[in-house]
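Asks: What follows is input_19.txt, made up of compact mmCIF, C-alpha atoms:
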# COMPACT_ATOMS: atom_id res chain seq x y z
CA MET A 1 -0.57 8.06 -11.19
CA THR A 2 1.13 11.25 -12.14
CA ARG A 3 2.64 13.65 -9.67
CA ASN A 4 -0.44 15.86 -10.00
CA GLY A 5 -2.81 13.17 -8.85
CA THR A 6 -3.89 11.64 -12.16
CA PRO A 7 -4.26 7.89 -11.68
CA HIS A 8 -2.02 5.62 -13.70
CA PRO A 9 -4.55 3.32 -15.34
CA PRO A 10 -3.75 -0.36 -15.42
CA PRO A 11 -2.32 -1.55 -18.75
CA ALA A 12 -4.80 -1.89 -21.58
CA VAL A 13 -7.33 -4.65 -21.05
CA SER A 14 -7.14 -7.66 -23.33
CA GLY A 15 -9.99 -9.70 -24.74
CA ARG A 16 -12.01 -12.63 -23.43
CA ARG A 17 -9.68 -15.24 -24.86
CA ARG A 18 -7.38 -14.69 -21.89
CA ALA A 19 -10.07 -15.18 -19.25
CA ALA A 20 -9.39 -18.82 -18.54
CA THR A 21 -5.68 -18.17 -18.05
CA VAL A 22 -6.39 -15.27 -15.72
CA LEU A 23 -8.81 -17.15 -13.53
CA ALA A 24 -6.55 -20.16 -13.29
CA ALA A 25 -3.60 -18.02 -12.33
CA SER A 26 -5.60 -16.15 -9.71
CA ALA A 27 -6.87 -19.39 -8.24
CA ALA A 28 -3.33 -20.70 -7.99
CA VAL A 29 -1.91 -17.59 -6.34
CA LEU A 30 -4.73 -16.84 -3.92
CA PRO A 31 -4.29 -19.77 -1.48
CA ALA A 32 -0.61 -19.00 -1.07
CA LEU A 33 -1.35 -15.39 -0.20
CA LEU A 34 -4.19 -16.24 2.13
CA SER A 35 -2.02 -18.70 4.05
CA ALA A 36 0.26 -15.86 5.14
CA SER A 37 -2.28 -14.76 7.74
CA ALA A 38 -2.93 -18.28 9.02
CA CYS A 39 0.59 -19.14 10.15
CA GLY A 40 0.98 -16.95 13.21
CA GLY A 41 2.12 -13.97 11.13
CA PRO A 42 1.36 -10.34 11.92
CA ALA A 43 -2.13 -10.40 10.44
CA ALA A 44 -3.07 -13.44 12.52
CA ALA A 45 -1.82 -11.96 15.79
CA ASP A 46 -5.03 -9.97 16.32
CA ALA A 47 -7.07 -13.15 16.62
CA ALA A 48 -6.58 -13.33 20.37
CA GLY A 49 -7.50 -9.70 21.04
CA GLN A 50 -10.85 -7.99 21.28
CA ASP A 51 -9.98 -4.80 19.42
CA VAL A 52 -10.03 -4.75 15.61
CA THR A 53 -7.38 -2.54 14.07
CA VAL A 54 -7.55 -1.13 10.54
CA MET A 55 -5.58 1.53 8.72
CA THR A 56 -6.25 4.23 6.12
CA TRP A 57 -3.51 6.16 4.38
CA ALA A 58 -3.36 9.04 1.92
CA PRO A 59 -0.92 11.83 1.05
CA SER A 60 -1.16 15.14 2.88
CA GLY A 61 0.89 18.31 2.74
CA THR A 62 2.35 17.43 -0.67
CA GLY A 63 0.35 19.55 -3.10
CA ALA A 64 -2.07 18.46 -5.80
CA ALA A 65 -2.01 14.76 -4.83
CA ASP A 66 -3.28 15.45 -1.30
CA ARG A 67 -6.34 13.56 -0.07
CA PRO A 68 -6.58 14.52 3.63
CA GLY A 69 -10.34 14.05 3.60
CA MET A 70 -9.88 10.31 3.21
CA THR A 71 -7.99 9.86 6.48
CA ALA A 72 -10.20 12.40 8.27
CA LEU A 73 -13.29 10.45 7.22
CA ALA A 74 -11.71 7.16 8.32
CA GLU A 75 -11.23 8.58 11.81
CA ALA A 76 -14.83 9.82 11.83
CA VAL A 77 -16.10 6.41 10.79
CA GLY A 78 -14.06 4.82 13.57
CA ARG A 79 -15.63 7.12 16.15
CA GLU A 80 -19.10 6.34 14.82
CA LEU A 81 -18.52 2.59 14.81
CA ASN A 82 -17.40 2.61 18.43
CA ALA A 83 -20.31 4.83 19.43
CA ARG A 84 -22.61 2.19 17.97
CA GLY A 85 -21.03 -0.90 19.44
CA GLY A 86 -17.91 -1.33 17.35
CA LEU A 87 -17.20 -3.50 14.33
CA ALA A 88 -19.08 -6.78 14.58
CA GLY A 89 -19.19 -6.20 18.33
CA HIS A 90 -15.49 -5.38 18.71
CA LYS A 91 -13.99 -2.00 19.48
CA VAL A 92 -12.29 -0.69 16.34
CA ARG A 93 -9.00 1.18 16.19
CA VAL A 94 -8.60 3.25 13.02
CA LEU A 95 -4.98 4.18 12.37
CA THR A 96 -4.13 6.76 9.72
CA CYS A 97 -0.86 7.37 7.92
CA ASN A 98 0.47 10.22 5.77
CA GLU A 99 1.77 8.50 2.66
CA HIS A 100 3.55 11.73 1.56
CA ASP A 101 3.03 10.80 -2.13
CA SER A 102 6.37 8.98 -2.13
CA THR A 103 7.72 5.44 -2.37
CA ASP A 104 9.26 5.75 1.08
CA GLY A 105 6.01 7.03 2.50
CA ALA A 106 3.97 4.21 0.99
CA THR A 107 6.45 1.63 2.27
CA ALA A 108 6.46 3.18 5.74
CA CYS A 109 2.66 3.13 5.92
CA ALA A 110 2.53 -0.52 4.85
CA ASP A 111 5.22 -1.43 7.39
CA GLN A 112 3.24 0.35 10.08
CA ALA A 113 0.12 -1.59 9.09
CA VAL A 114 2.00 -4.87 9.51
CA SER A 115 3.51 -3.81 12.86
CA ALA A 116 0.10 -2.76 14.16
CA HIS A 117 -1.42 -6.13 13.18
CA VAL A 118 -4.20 -4.50 11.16
CA VAL A 119 -6.85 -6.77 9.72
CA ALA A 120 -7.24 -4.57 6.61
CA VAL A 121 -6.06 -1.38 4.94
CA VAL A 122 -9.27 0.43 4.00
CA GLY A 123 -10.18 3.30 1.67
CA SER A 124 -6.64 4.49 0.99
CA ALA A 125 -4.84 6.43 -1.73
CA SER A 126 -1.32 5.88 -3.04
CA GLN A 127 0.16 5.63 -6.49
CA TYR A 128 2.90 3.30 -5.25
CA GLY A 129 1.14 -0.05 -5.27
CA SER A 130 4.29 -1.77 -6.45
CA ASN A 131 5.87 -0.76 -3.13
CA PHE A 132 3.09 -1.30 -0.61
CA MET A 133 1.17 -4.24 -2.07
CA PRO A 134 3.95 -6.87 -1.70
CA ILE A 135 4.29 -5.90 1.98
CA LEU A 136 0.57 -6.38 2.57
CA GLU A 137 0.57 -9.63 0.60
CA GLN A 138 3.41 -11.05 2.68
CA ALA A 139 1.46 -10.30 5.85
CA GLY A 140 -1.87 -11.50 4.43
CA ILE A 141 -3.54 -8.09 4.86
CA PRO A 142 -6.39 -7.24 2.46
CA PHE A 143 -6.42 -3.85 0.73
CA ILE A 144 -10.08 -2.84 0.59
CA GLY A 145 -11.29 0.04 -1.56
CA GLY A 146 -8.11 1.70 -2.75
CA TYR A 147 -8.56 4.81 -4.87
CA GLY A 148 -7.33 2.93 -7.92
CA LEU A 149 -4.06 4.75 -8.50
CA SER A 150 -1.80 1.83 -9.41
CA SER A 151 -1.88 -1.37 -11.42
CA PRO A 152 -1.37 -3.76 -8.44
CA GLU A 153 -4.69 -2.58 -7.01
CA PHE A 154 -6.36 -4.21 -10.00
CA SER A 155 -4.26 -7.37 -10.08
CA SER A 156 -3.29 -8.45 -6.55
CA PRO A 157 -5.48 -11.26 -5.13
CA LEU A 158 -5.46 -9.35 -1.84
CA SER A 159 -6.86 -6.15 -3.36
CA TYR A 160 -10.59 -5.46 -3.35
CA PRO A 161 -11.18 -2.30 -5.43
CA VAL A 162 -14.60 -0.67 -5.22
CA ASN A 163 -14.30 1.48 -8.35
CA GLY A 164 -13.12 0.96 -11.91
CA GLY A 165 -10.23 3.40 -11.87
CA MET A 166 -9.42 5.56 -14.90
CA PRO A 167 -10.19 2.80 -17.44
CA ALA A 168 -13.88 2.79 -16.51
CA LEU A 169 -14.05 6.59 -16.33
CA VAL A 170 -12.52 7.22 -19.75
CA ALA A 171 -14.47 4.41 -21.39
CA GLY A 172 -17.64 5.73 -19.79
CA SER A 173 -16.90 9.28 -20.89
CA GLY A 174 -16.61 8.05 -24.46
CA ARG A 175 -20.08 6.54 -24.29
CA GLN A 176 -21.47 9.67 -22.63
CA LEU A 177 -20.06 11.91 -25.35
CA VAL A 178 -21.33 9.67 -28.15
CA ALA A 179 -24.82 10.06 -26.69
CA ALA A 180 -24.24 13.83 -26.53
CA GLY A 181 -23.68 13.91 -30.28
CA CYS A 182 -19.91 14.31 -30.37
CA LYS A 183 -18.40 13.57 -33.79
CA GLN A 184 -14.83 14.40 -32.82
CA ILE A 185 -13.30 14.12 -29.34
CA ALA A 186 -10.03 15.81 -28.45
CA LEU A 187 -8.55 13.95 -25.48
CA ILE A 188 -6.19 16.13 -23.44
CA ARG A 189 -4.15 13.68 -21.43
CA PRO A 190 -0.73 13.34 -19.78
CA ASP A 191 2.19 12.77 -22.13
CA THR A 192 3.10 9.54 -20.38
CA ARG A 193 2.80 5.80 -20.90
CA ALA A 194 -0.24 5.87 -18.64
CA GLY A 195 -1.73 8.56 -20.85
CA ASP A 196 -1.17 6.36 -23.90
CA ALA A 197 -3.47 3.74 -22.38
CA LEU A 198 -6.25 6.33 -21.96
CA VAL A 199 -6.32 6.85 -25.72
CA ASN A 200 -6.93 3.12 -26.18
CA TYR A 201 -9.81 3.07 -23.72
CA LEU A 202 -11.48 6.05 -25.40
CA SER A 203 -10.95 4.64 -28.87
CA SER A 204 -12.54 1.33 -27.87
CA ALA A 205 -15.55 3.17 -26.45
CA VAL A 206 -16.34 5.10 -29.64
CA ALA A 207 -14.97 2.83 -32.38
CA GLN A 208 -18.38 1.59 -33.48
CA ASP A 209 -19.77 5.12 -33.78
CA ASN A 210 -17.23 6.55 -36.24
CA VAL A 211 -16.10 9.22 -33.81
CA LYS A 212 -12.70 10.73 -34.57
CA ILE A 213 -10.18 10.92 -31.74
CA THR A 214 -7.62 13.73 -31.55
CA ASP A 215 -4.84 12.87 -29.15
CA VAL A 216 -3.58 16.00 -27.37
CA LYS A 217 -0.52 15.11 -25.28
CA ALA A 218 0.11 17.64 -22.51
CA PRO A 219 2.61 18.00 -19.66
CA GLU A 220 1.67 16.41 -16.37
CA LYS A 221 2.09 19.77 -14.71
CA SER A 222 2.07 23.24 -16.22
CA ASN A 223 0.86 26.75 -15.44
CA ASP A 224 0.05 27.44 -19.08
CA TYR A 225 -2.08 25.06 -21.12
CA SER A 226 -3.08 27.70 -23.69
CA SER A 227 -1.63 25.94 -26.73
CA TYR A 228 -3.21 22.63 -25.71
CA ALA A 229 -6.61 24.23 -25.20
CA HIS A 230 -6.46 25.84 -28.66
CA ARG A 231 -5.38 22.60 -30.30
CA ALA A 232 -8.17 20.68 -28.61
CA ILE A 233 -10.83 23.23 -29.61
CA GLY A 234 -9.59 23.16 -33.21
CA ASP A 235 -12.05 24.60 -35.70
CA ASP A 236 -14.78 24.89 -33.04
CA LYS A 237 -17.57 23.46 -35.13
CA PRO A 238 -20.71 21.64 -33.94
CA GLY A 239 -19.93 18.09 -32.89
CA ASN A 240 -16.49 18.96 -31.52
CA CYS A 241 -15.89 17.87 -27.94
CA VAL A 242 -12.94 18.24 -25.55
CA LEU A 243 -12.28 15.65 -22.85
CA SER A 244 -9.79 16.47 -20.10
CA ALA A 245 -8.13 13.56 -18.31
CA LEU A 246 -5.25 15.50 -16.80
CA GLY A 247 -6.04 15.39 -13.11
CA ALA A 248 -7.39 18.01 -10.73
CA GLU A 249 -4.72 20.73 -10.71
CA PRO A 250 -3.86 20.59 -14.45
CA THR A 251 -7.54 20.60 -15.41
CA ALA A 252 -8.06 23.67 -13.20
CA ASN A 253 -5.12 25.33 -15.00
CA LEU A 254 -6.61 24.34 -18.36
CA LEU A 255 -9.96 25.99 -17.68
CA ASP A 256 -8.71 29.59 -17.80
CA PRO A 257 -7.19 29.40 -21.33
CA TYR A 258 -10.24 27.40 -22.42
CA ARG A 259 -12.49 30.20 -21.16
CA ARG A 260 -10.37 32.86 -22.88
CA ALA A 261 -10.60 30.97 -26.17
CA SER A 262 -14.40 31.40 -25.95
CA PRO A 263 -15.45 28.39 -28.04
CA ARG A 264 -19.03 28.72 -29.27
CA ASN A 265 -19.70 25.17 -30.42
CA THR A 266 -17.20 22.91 -28.67
CA GLN A 267 -18.52 20.82 -25.79
CA LEU A 268 -16.32 20.39 -22.69
CA ALA A 269 -16.16 17.18 -20.67
CA SER A 270 -13.98 15.63 -18.00
CA VAL A 271 -13.88 12.77 -15.53
CA ILE A 272 -14.70 13.12 -11.85
CA GLY A 273 -11.43 13.58 -10.02
CA SER A 274 -10.23 15.96 -12.70
CA PHE A 275 -13.02 18.27 -11.63
CA GLN A 276 -15.78 18.12 -9.06
CA GLN A 277 -18.35 20.46 -7.51
CA SER A 278 -15.74 22.51 -5.66
CA VAL A 279 -14.02 23.27 -9.00
CA VAL A 280 -17.34 24.28 -10.56
CA ASP A 281 -17.87 26.66 -7.66
CA SER A 282 -14.37 28.15 -7.74
CA THR A 283 -14.46 28.79 -11.50
CA GLY A 284 -17.68 30.77 -11.54
CA GLY A 285 -20.42 28.18 -11.35
CA ASP A 286 -23.00 28.59 -14.10
CA GLY A 287 -21.13 31.61 -15.43
CA GLY A 288 -17.80 29.79 -15.67
CA PRO A 289 -16.15 27.56 -18.27
CA LEU A 290 -17.72 24.42 -16.80
CA ARG A 291 -21.25 25.52 -17.59
CA GLY A 292 -22.95 22.58 -19.30
CA ALA A 293 -19.85 20.39 -18.99
CA TYR A 294 -20.25 16.62 -18.98
CA ALA A 295 -18.66 14.48 -16.27
CA THR A 296 -18.28 10.74 -15.80
CA GLY A 297 -17.97 9.43 -12.25
CA TRP A 298 -17.70 6.21 -10.30
CA PHE A 299 -20.53 7.03 -7.93
CA PRO A 300 -23.88 8.86 -7.82
CA VAL A 301 -23.84 12.66 -7.60
CA GLU A 302 -23.13 14.21 -4.21
CA SER A 303 -26.76 15.37 -3.85
CA SER A 304 -28.01 11.77 -4.05
CA THR A 305 -29.67 10.33 -0.96
CA VAL A 306 -27.19 7.43 -1.05
CA TRP A 307 -24.71 9.82 0.60
CA ASP A 308 -27.00 10.75 3.49
CA GLY A 309 -25.09 8.41 5.79
CA LEU A 310 -21.79 9.98 4.77
CA ARG A 311 -23.11 13.47 5.43
CA ASP A 312 -24.51 12.41 8.81
CA THR A 313 -21.20 10.82 9.83
CA VAL A 314 -19.21 13.91 8.88
CA ARG A 315 -21.57 16.18 10.81
CA ALA A 316 -21.76 14.03 13.93
CA TYR A 317 -18.28 12.53 14.14
CA GLY A 318 -16.02 14.71 11.97
CA ASN A 319 -14.84 16.70 15.00
CA GLY A 320 -14.73 19.86 12.91
CA SER A 321 -12.59 18.38 10.13
CA THR A 322 -13.04 19.87 6.67
CA ILE A 323 -14.28 16.86 4.74
CA ASP A 324 -15.64 17.48 1.24
CA VAL A 325 -18.35 14.85 0.79
CA ALA A 326 -18.31 15.52 -2.97
CA ASP A 327 -14.66 14.48 -3.24
CA PRO A 328 -14.35 11.10 -5.01
CA GLY A 329 -11.55 10.10 -2.64
CA VAL A 330 -13.77 10.69 0.38
CA GLN A 331 -16.60 8.80 -1.31
CA THR A 332 -14.27 5.89 -2.09
CA THR A 333 -13.24 5.71 1.57
CA TRP A 334 -16.89 5.72 2.63
CA VAL A 335 -17.72 2.85 0.25
CA ALA A 336 -14.64 0.92 1.41
CA TYR A 337 -15.67 1.16 5.05
CA GLU A 338 -19.18 0.06 4.11
CA VAL A 339 -17.61 -3.04 2.53
CA LEU A 340 -15.64 -3.61 5.74
CA ARG A 341 -18.79 -3.27 7.85
CA GLN A 342 -20.73 -5.70 5.70
CA ALA A 343 -17.91 -8.26 5.51
CA ALA A 344 -17.17 -8.13 9.24
CA GLY A 345 -20.86 -8.52 9.98
CA ARG A 346 -20.90 -11.83 8.11
CA ILE A 347 -18.17 -13.39 10.23
CA ASP A 348 -19.47 -15.91 12.74
CA LYS A 349 -19.98 -14.10 16.05
CA SER A 350 -18.01 -16.80 17.86
CA ARG A 351 -14.94 -16.04 15.76
CA PRO A 352 -12.65 -13.01 15.90
CA VAL A 353 -12.46 -10.51 13.03
CA THR A 354 -9.13 -11.32 11.39
CA ALA A 355 -7.52 -10.64 8.04
CA LYS A 356 -8.09 -14.23 6.95
CA ALA A 357 -11.74 -14.20 8.04
CA LEU A 358 -12.34 -11.03 6.03
CA GLN A 359 -10.66 -12.53 2.97
CA VAL A 360 -12.82 -15.63 3.15
CA ILE A 361 -15.96 -13.49 3.21
CA LEU A 362 -14.81 -11.18 0.41
CA ASP A 363 -13.77 -14.09 -1.81
CA SER A 364 -16.94 -16.07 -1.16
CA GLY A 365 -18.83 -14.69 -4.16
CA ASP A 366 -21.68 -13.37 -2.04
CA PRO A 367 -22.27 -9.80 -3.23
CA ILE A 368 -21.62 -6.90 -0.87
CA ASP A 369 -24.43 -4.32 -0.86
CA THR A 370 -23.07 -0.78 -0.56
CA ALA A 371 -26.46 0.89 -0.10
CA GLY A 372 -26.65 2.17 -3.67
CA THR A 373 -23.26 3.89 -3.81
CA THR A 374 -22.12 1.19 -6.25
CA PRO A 375 -23.73 -1.85 -7.79
CA PRO A 376 -23.36 -4.91 -5.51
CA LEU A 377 -19.66 -5.79 -5.34
CA ASN A 378 -18.36 -9.31 -5.91
CA TRP A 379 -14.69 -10.34 -6.10
CA SER A 380 -15.22 -14.00 -6.87
CA LEU A 381 -13.17 -15.61 -9.63
CA THR A 382 -16.23 -15.88 -11.85
CA ASN A 383 -16.84 -12.13 -11.66
CA MET A 384 -13.30 -11.04 -12.52
CA LEU A 385 -12.55 -9.10 -15.68
CA PRO A 386 -11.07 -11.38 -18.37
CA SER A 387 -7.74 -9.60 -18.29
CA ALA A 388 -4.32 -10.77 -17.21
CA ASP A 389 -3.50 -7.19 -16.16
CA SER A 390 -6.65 -6.08 -14.36
CA PRO A 391 -8.65 -9.09 -13.13
CA ARG A 392 -9.61 -7.35 -9.88
CA LEU A 393 -11.40 -4.57 -11.77
CA VAL A 394 -14.82 -5.99 -10.96
CA ASN A 395 -16.87 -2.78 -10.79
CA THR A 396 -17.10 -1.62 -14.40
CA SER A 397 -20.05 0.72 -13.85
CA VAL A 398 -20.00 4.51 -14.08
CA THR A 399 -22.42 7.39 -13.67
CA PHE A 400 -23.15 10.22 -16.10
CA GLN A 401 -23.35 13.74 -14.71
CA ARG A 402 -23.57 17.26 -16.10
CA VAL A 403 -23.19 20.81 -14.78
CA GLN A 404 -26.55 22.55 -14.82
CA ASN A 405 -27.35 25.81 -13.02
CA GLY A 406 -23.93 25.63 -11.42
CA ARG A 407 -24.42 22.17 -9.92
CA LEU A 408 -23.26 18.72 -10.93
CA VAL A 409 -26.48 16.79 -11.43
CA GLU A 410 -27.42 13.35 -12.63
CA GLN A 411 -27.61 13.33 -16.40
CA HIS A 412 -28.55 9.67 -16.77
CA GLN A 413 -30.33 7.75 -14.03
CA GLY A 414 -28.46 4.91 -12.40
CA PHE A 415 -25.27 3.15 -13.43
CA THR A 416 -23.96 2.41 -16.92
CA ASP A 417 -21.85 -0.73 -17.27
CA VAL A 418 -18.87 -0.37 -19.63
CA ARG A 419 -17.48 -3.87 -19.15
CA TRP A 420 -18.00 -4.55 -22.84
CA VAL A 421 -15.66 -1.66 -23.69
CA LEU A 422 -12.96 -2.87 -21.30
CA THR A 423 -13.12 -6.38 -22.74
CA ASN A 424 -13.13 -5.27 -26.38
CA GLY A 425 -16.61 -6.66 -26.81
CA LYS A 426 -19.76 -5.45 -28.49
CA PRO A 427 -22.27 -3.05 -26.94
CA PRO A 428 -25.39 -4.63 -25.42
CA ALA A 429 -28.34 -4.82 -27.75
Mind turning the file's structure into structure tokens?
Replies:
Amino acid sequence: MTRNGTPHPPPAVSGRRRAATVLAASAAVLPALLSASACGGPAAADAAGQDVTVMTWAPSGTGAADRPGMTALAEAVGRELNARGGLAGHKVRVLTCNEHDSTDGATACADQAVSAHVVAVVGSASQYGSNFMPILEQAGIPFIGGYGLSSPEFSSPLSYPVNGGMPALVAGSGRQLVAAGCKQIALIRPDTRAGDALVNYLSSAVAQDNVKITDVKAPEKSNDYSSYAHRAIGDDKPGNCVLSALGAEPTANLLDPYRRASPRNTQLASVIGSFQQSVVDSTGGDGGPLRGAYATGWFPVESSTVWDGLRDTVRAYGNGSTIDVADPGVQTTWVAYEVLRQAAGRIDKSRPVTAKALQVILDSGDPIDTAGTTPPLNWSLTNMLPSADSPRLVNTSVTFQRVQNGRLVEQHQGFTDVRWVLTNGKPPA
């Protein structure tokens, strides 16, 4: 992830020929990691107690990377769980940690999770997976529903991602824009190695449709994106499309020069996380530059009834916190806690809720139903992506949205699976 909050996508996904190697390697590594919580280590220490402790972390007070709604929602969910009898009959303690968008912060949060004997880290955001994931692995603590900001979240056998990260979003946006009639797509993306991978995902998505890709490398952070907006718009003829994958703050800074350029024919698009309903509102709604813009997301639109439970929890247990239910980070945390609820509920009532017990349930291959917020989730070896780099990227589905009358609305009903793009395959017939 960049300093402005743009996720670092995992390295480019390889083809199916590597699947057997990936699954074998995962099978070999998994038992060793699981055993860490079965040997009297920190994660096993909770077995004797009645309370179940979990943690959620995210940066706050740092700038564009901040996701305070994620930790605020985690606390609200904890209050609701206890009001309704706890987690699988046990009182739940939800600890939160400010990750400060730094390596030291991520390490400190992971160390705190180990010291507190948490059974899982749930619905968290940090770009420093290389720092926190080894600490959780050593303690046998599962990482459920991370925001997808680092490669280890899509490779560690103890990570259970609920979304497809930037690879799925960019691949999905390519398919959405092909359907919209785009003949040329200018991708405005960070001038980084992570940004290089985004070009590959987009190219794979549109290769069979003879769509031309213009790669517009831009700074990760700038107050003036005028030259990049003009380059992306180009000759402004029908069939030209601009896709922003810069992150929230840079995309917001891009919109003003884009508006001033006044393109008549160029179609604007972005991925959820780079803009959301609050950005549509702040830039003028239906009269702003995002009028008619396309968006690809991980989840259904905020107005969907699948988020009724989230809205109810925020109203009843948010304790006045400002929690934007349209924020994809908040939605990811909600889905992650739903996974935790479902998994804990499947543990034998005579057994305590421990890290190892949760891992056994999550690795069982029995799908977890997230009440329509995602397709059923399954982290079994047979469901993994055939990729040595991103085998844990199991949810390859996205949603298509569009700004109409100042609101992000569903453009295409249901989920669209882009697994074939991420595995360099052929589109379904």
Asks: Between atom CA of Pro257 of chain A and atom CA of Asp281 of chain A, measure the distance and give it in Å to one decimal.
Replies: 17.6 Å
Asks: Closest to Leu310 of chain A among A:Glu137, A:Glu80, A:Asp51, A:Asp417, using only C-alpha atoms?
Replies: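 Checking each of A:Glu137, A:Glu80, A:Asp51, A:Asp417 against Leu310 of chain A, counting only C-alpha atoms, the winner is A:Glu80.
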Asks: Identify which of the residues A:Gly329, A:Tyr225, A:Arg402, A:Ala171 lies closest to Leu149 of chain A, counting only C-alpha atoms when measuring atom-to-atom distances.
Replies: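 Counting only C-alpha atoms, the residue closest to Leu149 of chain A is A:Gly329.
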Asks: Could you tell me how far atom CA of Ala108 of chain A sits from atom CA of Gly273 of chain A, in Å to one decimal place?
Replies: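 If I compute the distance from atom CA of Gly273 of chain A to atom CA of Ala108 of chain A, I get 26.0 Å.
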Asks: Between A:Leu381, A:Ala326, A:Val162, A:Ala295, which residue has the minimum interatomic distance to Glu410 of chain A, considering all atoms listed in the file?
Replies: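 Among A:Leu381, A:Ala326, A:Val162, A:Ala295, it is A:Ala295 that comes nearest to Glu410 of chain A.
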Asks: Name the closest residue to Pro157 of chain A among the candidates A:Glu75, A:Asp308, A:Asp363, A:Asp191; distances are taken between atoms, counting all atoms listed in the file.
Replies: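 Of all the options, A:Asp363 lies closest to Pro157 of chain A.
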Asks: Could you please give me, as a list in words, the residues of protein, DNA or RNA lying at most 8 Å from (-5.1, -0.4, 10.0) in the coordinate frame of the file, considering all atoms listed in the file?
Replies: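 Nearby residues: Thr53, Val54, Met55, Thr56, Arg93, Val94, Leu95, Thr96, Ala113, Ala116, His117, Val118, Val119, Ala120, Val121 and Val122 of chain A.
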Asks: State, in Å with one decimal place, the distance from atom CA of Asp369 of chain A to atom CA of Gln413 of chain A.
Replies: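 Computing the Euclidean distance for atom CA of Asp369 of chain A and atom CA of Gln413 of chain A yields 18.8 Å.
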Asks: So which one's closest to Leu158 of chain A, A:Thr283, A:Thr333, A:Arg392, A:Pro190? Using all atoms listed in the file, please.
Replies: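 Smallest separation from Leu158 of chain A among the options: A:Arg392.
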Asks: Leaving out Ser321 of chain A and any residue of its chain fewer than 4 positions from it, which residues lie within 12 Å of it when counting all atoms listed in the file, given as a VMD selection string?
Replies: chain A and resid 68 to 76 313 to 317 325
Asks: Give me, as JSON lines, each residue of segment 306-416 of chain A that comes within 12 Å of segment 173-187 of chain A, together with its shortest interatomic pair and the distance in Å at one decimal, counting all atoms listed in the file, with rows ordered by chain and rising residue number.
Replies:
{"residue": "A:Ser397", "atom": "CA", "partner": "A:Ser173", "partner_atom": "CA", "distance": 11.5}
{"residue": "A:Val398", "atom": "CA", "partner": "A:Ser173", "partner_atom": "CA", "distance": 8.9}
{"residue": "A:Thr399", "atom": "CA", "partner": "A:Ser173", "partner_atom": "CA", "distance": 9.3}
{"residue": "A:Phe400", "atom": "CA", "partner": "A:Gln176", "partner_atom": "CA", "distance": 6.8}
{"residue": "A:Gln401", "atom": "CA", "partner": "A:Gln176", "partner_atom": "CA", "distance": 9.1}
{"residue": "A:Arg402", "atom": "CA", "partner": "A:Gln176", "partner_atom": "CA", "distance": 10.2}
{"residue": "A:Gln411", "atom": "CA", "partner": "A:Gln176", "partner_atom": "CA", "distance": 9.5}
{"residue": "A:His412", "atom": "CA", "partner": "A:Gln176", "partner_atom": "CA", "distance": 9.2}
{"residue": "A:Phe415", "atom": "CA", "partner": "A:Gln176", "partner_atom": "CA", "distance": 11.9}
{"residue": "A:Thr416", "atom": "CA", "partner": "A:Arg175", "partner_atom": "CA", "distance": 9.3}
Asks: Save the residues we just selected, C-alpha atoms, as a PDB file, in the frame of the given file?
Replies:
ATOM      1  CA  SER A 397     -20.050   0.720 -13.850  1.00  0.00           C
ATOM      2  CA  VAL A 398     -20.000   4.510 -14.080  1.00  0.00           C
ATOM      3  CA  THR A 399     -22.420   7.390 -13.670  1.00  0.00           C
ATOM      4  CA  PHE A 400     -23.150  10.220 -16.100  1.00  0.00           C
ATOM      5  CA  GLN A 401     -23.350  13.740 -14.710  1.00  0.00           C
ATOM      6  CA  ARG A 402     -23.570  17.260 -16.100  1.00  0.00           C
ATOM      7  CA  GLN A 411     -27.610  13.330 -16.400  1.00  0.00           C
ATOM      8  CA  HIS A 412     -28.550   9.670 -16.770  1.00  0.00           C
ATOM      9  CA  PHE A 415     -25.270   3.150 -13.430  1.00  0.00           C
ATOM     10  CA  THR A 416     -23.960   2.410 -16.920  1.00  0.00           C
TER      11      THR A 416
END
